[in-house]
Every structure is written in C-alpha cells, then in structure tokens.
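Worksheet for the structure shown next.
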Amino acid sequence: MFLNEQLDKFKKQQEKCQATLTSIAAKSSKTSSSRATPVAASPAPRAPAPAVKFSNDTERLQHINSIRKAPVGAQIKRVIDLLLEDDLRKTLGFLNRDSWKHGMVVGCFGFKVTRQAFTPEQINEACYVDAKANKAVFDSLRNNPKVHYDGRRFSYKSKHDVKEKSELLVLIRKFPEGIAVIDLKDAYPTVMEDLQALKAAGQIWLLSNFDSQEDIAYPNDPRVPIKVDDDLKQLFREIELPRDMLDIEKDLAKTGMKPATNTAQRRAAAQVQGISTKAKPKKKKHEISKRTKLTNAHLPELFQNLNGS
C-alpha cells in the first residue's frame, strides 16, 4: 500500500508540473503576440524560473513501475529468483554466488543455510512484484511447479525434498542406476558442496554421461566392497575384442545380453544419407630399416634393433 501511495503521488506531481509548464507556455505566447511595437531598450534579463523539483525517489519509482508493467512471465521469474536465494546471501550482502566464498563463510561461522518463505506483501517489498494486486501473477505463482503455496506464504519447491547431506546420501542410495546432478542442484543452497564432500569421502561416485555430458551421482555402498585379484585383472586386459562393432554385438546377443547400440541399423541409415561407413584401415607401424635416413646418427644406441631389410 505504501508503494502504491508513492506511485499515485508521483503521478499527481507529474500532472501538476505538466499543467504548470503548459500554462507558462500559453502566457508567454500571448504576451509576445500582444506587443505592437518593439521596445527601444531590451529589458533586463529575467531570472529563469526555478526548475520543477520532482521527488528524490523518482528513479526507484520508475523502476518499480516498469517491473509491474512487465509481462507476467518476467515477474514470475523475479519472484522465483527471490525464493531460490538463500537467507545467508540476503543477510550478508557482500557475498556473491561463488561457491567457494559461500562454502567458506558457512564453514567458518557455522551458519545453517536455508531458504525463506514469503507472503505477497514481503515479495512486493523485496522485488517489487505486487502479487496481491495482480491476479494473473498470483495465480501463476500458485500453480507454478517450482513454487509451493501453503495458503499464506510462497516458498521454492525443488524436485527432491532433501535439506542436508545425510538426506542427500540416502536419496542417492535409492538410485543404484544413478541420479542426474542437474536434478539435485536446486535441492538446497549447499547441495553442490555436499556432493563434492560425499565424493571425497568415497560414499558416492560422480561420473559424466557421454550422451548428455552431464554428471551422474552413483551410490558407493561400503557394505559390498569388491576386491579383484591381479590375475583376474591381467586376464581381463589380455582379452582381445573384435574390431568390428557388428561382431561385438553378435557376441553379446549370443550370451543373452542386449547391445546398447545397433550398428547395422546405423550403417544402413548412413548409406541412405550417402555417408561412408567403412572402417578406416589401421595404419601400418613405421619401422626403421638400414635404408631409413637417420637424423640422430650421433645417438647410435637408439638404432640397435634395425631391420636388416
């Protein structure tokens, strides 16, 4: 209500100033036209009229007016950004979004970083979006999947309802096939720091997905440690796989496993589009013989195993 009164007062001041300027211009033109003859001596210059002094808060009121006239989507984004921000950054205004600074302050001072819930009046004061007076904004906020409304306050709603590191670990362990980090980023303000801490402690794995280049969090259950013998490792490394993916897929099918790729279908589609699918020939290893021109002849120990050809 206070902001509305200021806006109304500002508009009245503008109207009053405009009317004053218009009347001054009309009087000036009427006076100049009524003069019959020019005066012999120019009168002393009149002092300029005092400039109309608007409210010292003009710039802020104009900014508020532009926000409230913006599209509903733009106003919703401002509110969601406000709900997403944690109370520590709002309390300590010198902090920016750099995670190392944020984590340093949290670790040194022991703050528990949380998010706030806002009433429509508090939203209006914080980001100048008047959800109470604008029904379209209010309804869009109430129905937004990222916003929770309890009948009085609005708060941010993340995809997964976890609030701290222990809850985060329990959640990740429910997804043995992995959970995308992008789905965890907005869970709570320090979730990324906690993910790195869990990784450093060996409780989870953070691996990249080759398809989307996004990190996936996998649980590392300490109850089932696996120790592999060196002989088994060596045997695994000595297995030579077929060079053609078709042969690999056939061998997988023979063992009852479904290949993740379909090379035959991919090659057929490529041929339709005119793309060559022939495997590149393996380059022959260049061997040094006696007929090879040597540039390092002053280092004979490099050429002890020359071919006789």
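Ligands are numbered from 1 in the order shown, residues from 1 within each chain, and chains are lettered A, B, ... in the order they appear in the structure tokens.
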
Give one line per residue of region 118-163 of chain A that approaches region 60-80 of chain A to at most 7 Å, naming the two atoms of the closest pair and their distance in Å to one decimal, counting only C-alpha atoms; sort by chain then ascending residue number and deliver it as a Markdown table.
| residue | atom | partner | partner_atom | distance |
| --- | --- | --- | --- | --- |
| A:Cys127 | CA | A:Arg78 | CA | 6.9 |
| A:Tyr128 | CA | A:Ile64 | CA | 6.0 |
| A:Val129 | CA | A:Arg68 | CA | 6.2 |
| A:Val137 | CA | A:Val72 | CA | 5.8 |
| A:Leu141 | CA | A:Ile76 | CA | 6.6 |

Item to complete: Could you give me, as a PyMOL selection string, each residue of region 131-269 of chain A that DSSP assigns to helix (DSSP H, G or I) when run on this structure's backbone?
Response: chain A and resi 135-143+165-173+181-183+191-200+230-238+245-254+263-269

Name the residues in contact with region 176-187 of chain A at a cut-off of 7 Å, using only C-alpha atoms, excluding same-chain residues fewer than 3 positions from it; report them as an mmCIF file with N, CA, C and O atoms, in the first residue's frame.
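So the final result, stored in out24.cif, reads:
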data_model
loop_
_atom_site.group_PDB
_atom_site.id
_atom_site.type_symbol
_atom_site.label_atom_id
_atom_site.label_comp_id
_atom_site.auth_asym_id
_atom_site.auth_seq_id
_atom_site.Cartn_x
_atom_site.Cartn_y
_atom_site.Cartn_z
ATOM 1 N N SER A 158 11.793 -27.685 -4.736
ATOM 2 C CA SER A 158 12.764 -28.401 -5.566
ATOM 3 C C SER A 158 12.205 -29.761 -5.981
ATOM 4 O O SER A 158 11.189 -30.220 -5.454
ATOM 5 N N LYS A 159 12.893 -30.401 -6.916
ATOM 6 C CA LYS A 159 12.423 -31.701 -7.434
ATOM 7 C C LYS A 159 12.510 -32.774 -6.361
ATOM 8 O O LYS A 159 11.641 -33.648 -6.265
ATOM 9 N N HIS A 160 13.581 -32.737 -5.556
ATOM 10 C CA HIS A 160 13.766 -33.724 -4.492
ATOM 11 C C HIS A 160 13.799 -32.995 -3.149
ATOM 12 O O HIS A 160 14.548 -32.042 -2.973
ATOM 13 N N ASP A 161 13.001 -33.460 -2.221
ATOM 14 C CA ASP A 161 12.857 -32.788 -0.927
ATOM 15 C C ASP A 161 13.936 -33.284 0.031
ATOM 16 O O ASP A 161 13.701 -34.156 0.881
ATOM 17 N N VAL A 162 15.141 -32.763 -0.121
ATOM 18 C CA VAL A 162 16.230 -33.034 0.818
ATOM 19 C C VAL A 162 16.770 -31.698 1.302
ATOM 20 O O VAL A 162 16.800 -30.718 0.560
ATOM 21 N N LYS A 163 17.238 -31.689 2.558
ATOM 22 C CA LYS A 163 17.653 -30.429 3.178
ATOM 23 C C LYS A 163 19.096 -30.438 3.659
ATOM 24 O O LYS A 163 19.644 -29.400 3.981
ATOM 25 N N ILE A 172 20.512 -40.605 -2.856
ATOM 26 C CA ILE A 172 21.360 -41.156 -3.925
ATOM 27 C C ILE A 172 21.404 -42.679 -3.838
ATOM 28 O O ILE A 172 21.428 -43.376 -4.863
ATOM 29 N N ARG A 173 21.400 -43.223 -2.621
ATOM 30 C CA ARG A 173 21.440 -44.684 -2.458
ATOM 31 C C ARG A 173 20.152 -45.354 -2.925
ATOM 32 O O ARG A 173 20.121 -46.556 -3.130
ATOM 33 N N VAL A 191 24.039 -27.840 -1.767
ATOM 34 C CA VAL A 191 24.000 -29.225 -2.227
ATOM 35 C C VAL A 191 25.245 -29.588 -3.045
ATOM 36 O O VAL A 191 25.750 -30.711 -2.948
ATOM 37 N N MET A 192 25.777 -28.663 -3.844
ATOM 38 C CA MET A 192 26.945 -28.975 -4.654
ATOM 39 C C MET A 192 28.181 -29.201 -3.778
ATOM 40 O O MET A 192 29.000 -30.087 -4.064
ATOM 41 N N ASP A 215 26.865 -34.717 -15.288
ATOM 42 C CA ASP A 215 27.336 -35.569 -14.202
ATOM 43 C C ASP A 215 26.188 -36.402 -13.650
ATOM 44 O O ASP A 215 25.060 -35.923 -13.501
ATOM 45 N N ILE A 216 26.518 -37.648 -13.316
ATOM 46 C CA ILE A 216 25.572 -38.568 -12.704
ATOM 47 C C ILE A 216 26.146 -38.999 -11.364
ATOM 48 O O ILE A 216 27.330 -39.334 -11.267
ATOM 49 N N ALA A 217 25.336 -38.974 -10.327
ATOM 50 C CA ALA A 217 25.757 -39.403 -9.000
ATOM 51 C C ALA A 217 25.331 -40.852 -8.782
ATOM 52 O O ALA A 217 24.161 -41.192 -8.941
ATOM 53 N N TYR A 218 26.299 -41.697 -8.425
ATOM 54 C CA TYR A 218 26.048 -43.113 -8.163
ATOM 55 C C TYR A 218 26.410 -43.421 -6.713
ATOM 56 O O TYR A 218 27.409 -42.904 -6.202
ATOM 57 N N PRO A 219 25.636 -44.271 -6.061
ATOM 58 C CA PRO A 219 25.988 -44.640 -4.678
ATOM 59 C C PRO A 219 27.171 -45.603 -4.667
ATOM 60 O O PRO A 219 27.306 -46.453 -5.548
#

Fill in: Nearest to Asn220 (chain A) by atom-to-atom distance, counting only C-alpha atoms, from A:Leu232, A:Val170, A:Ile248, A:Leu241
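Among A:Leu232, A:Val170, A:Ile248, A:Leu241, it is A:Val170 that comes nearest to Asn220 (chain A).
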
Item to complete: Would you work out the distance separating CA of Arg237 (chain A) from CA of Pro222 (chain A), expressed in Å to one decimal?
Response: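 Distance between the two atoms: 26.2 Å.
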
Worksheet item: Of the candidates A:Ser23, A:Met245, A:Lys135, A:Tyr149, which one gets nearest to Pro259 (chain A) if we count only C-alpha atoms?
Response: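 Of the candidates, the smallest distance to Pro259 (chain A) is held by A:Met245.
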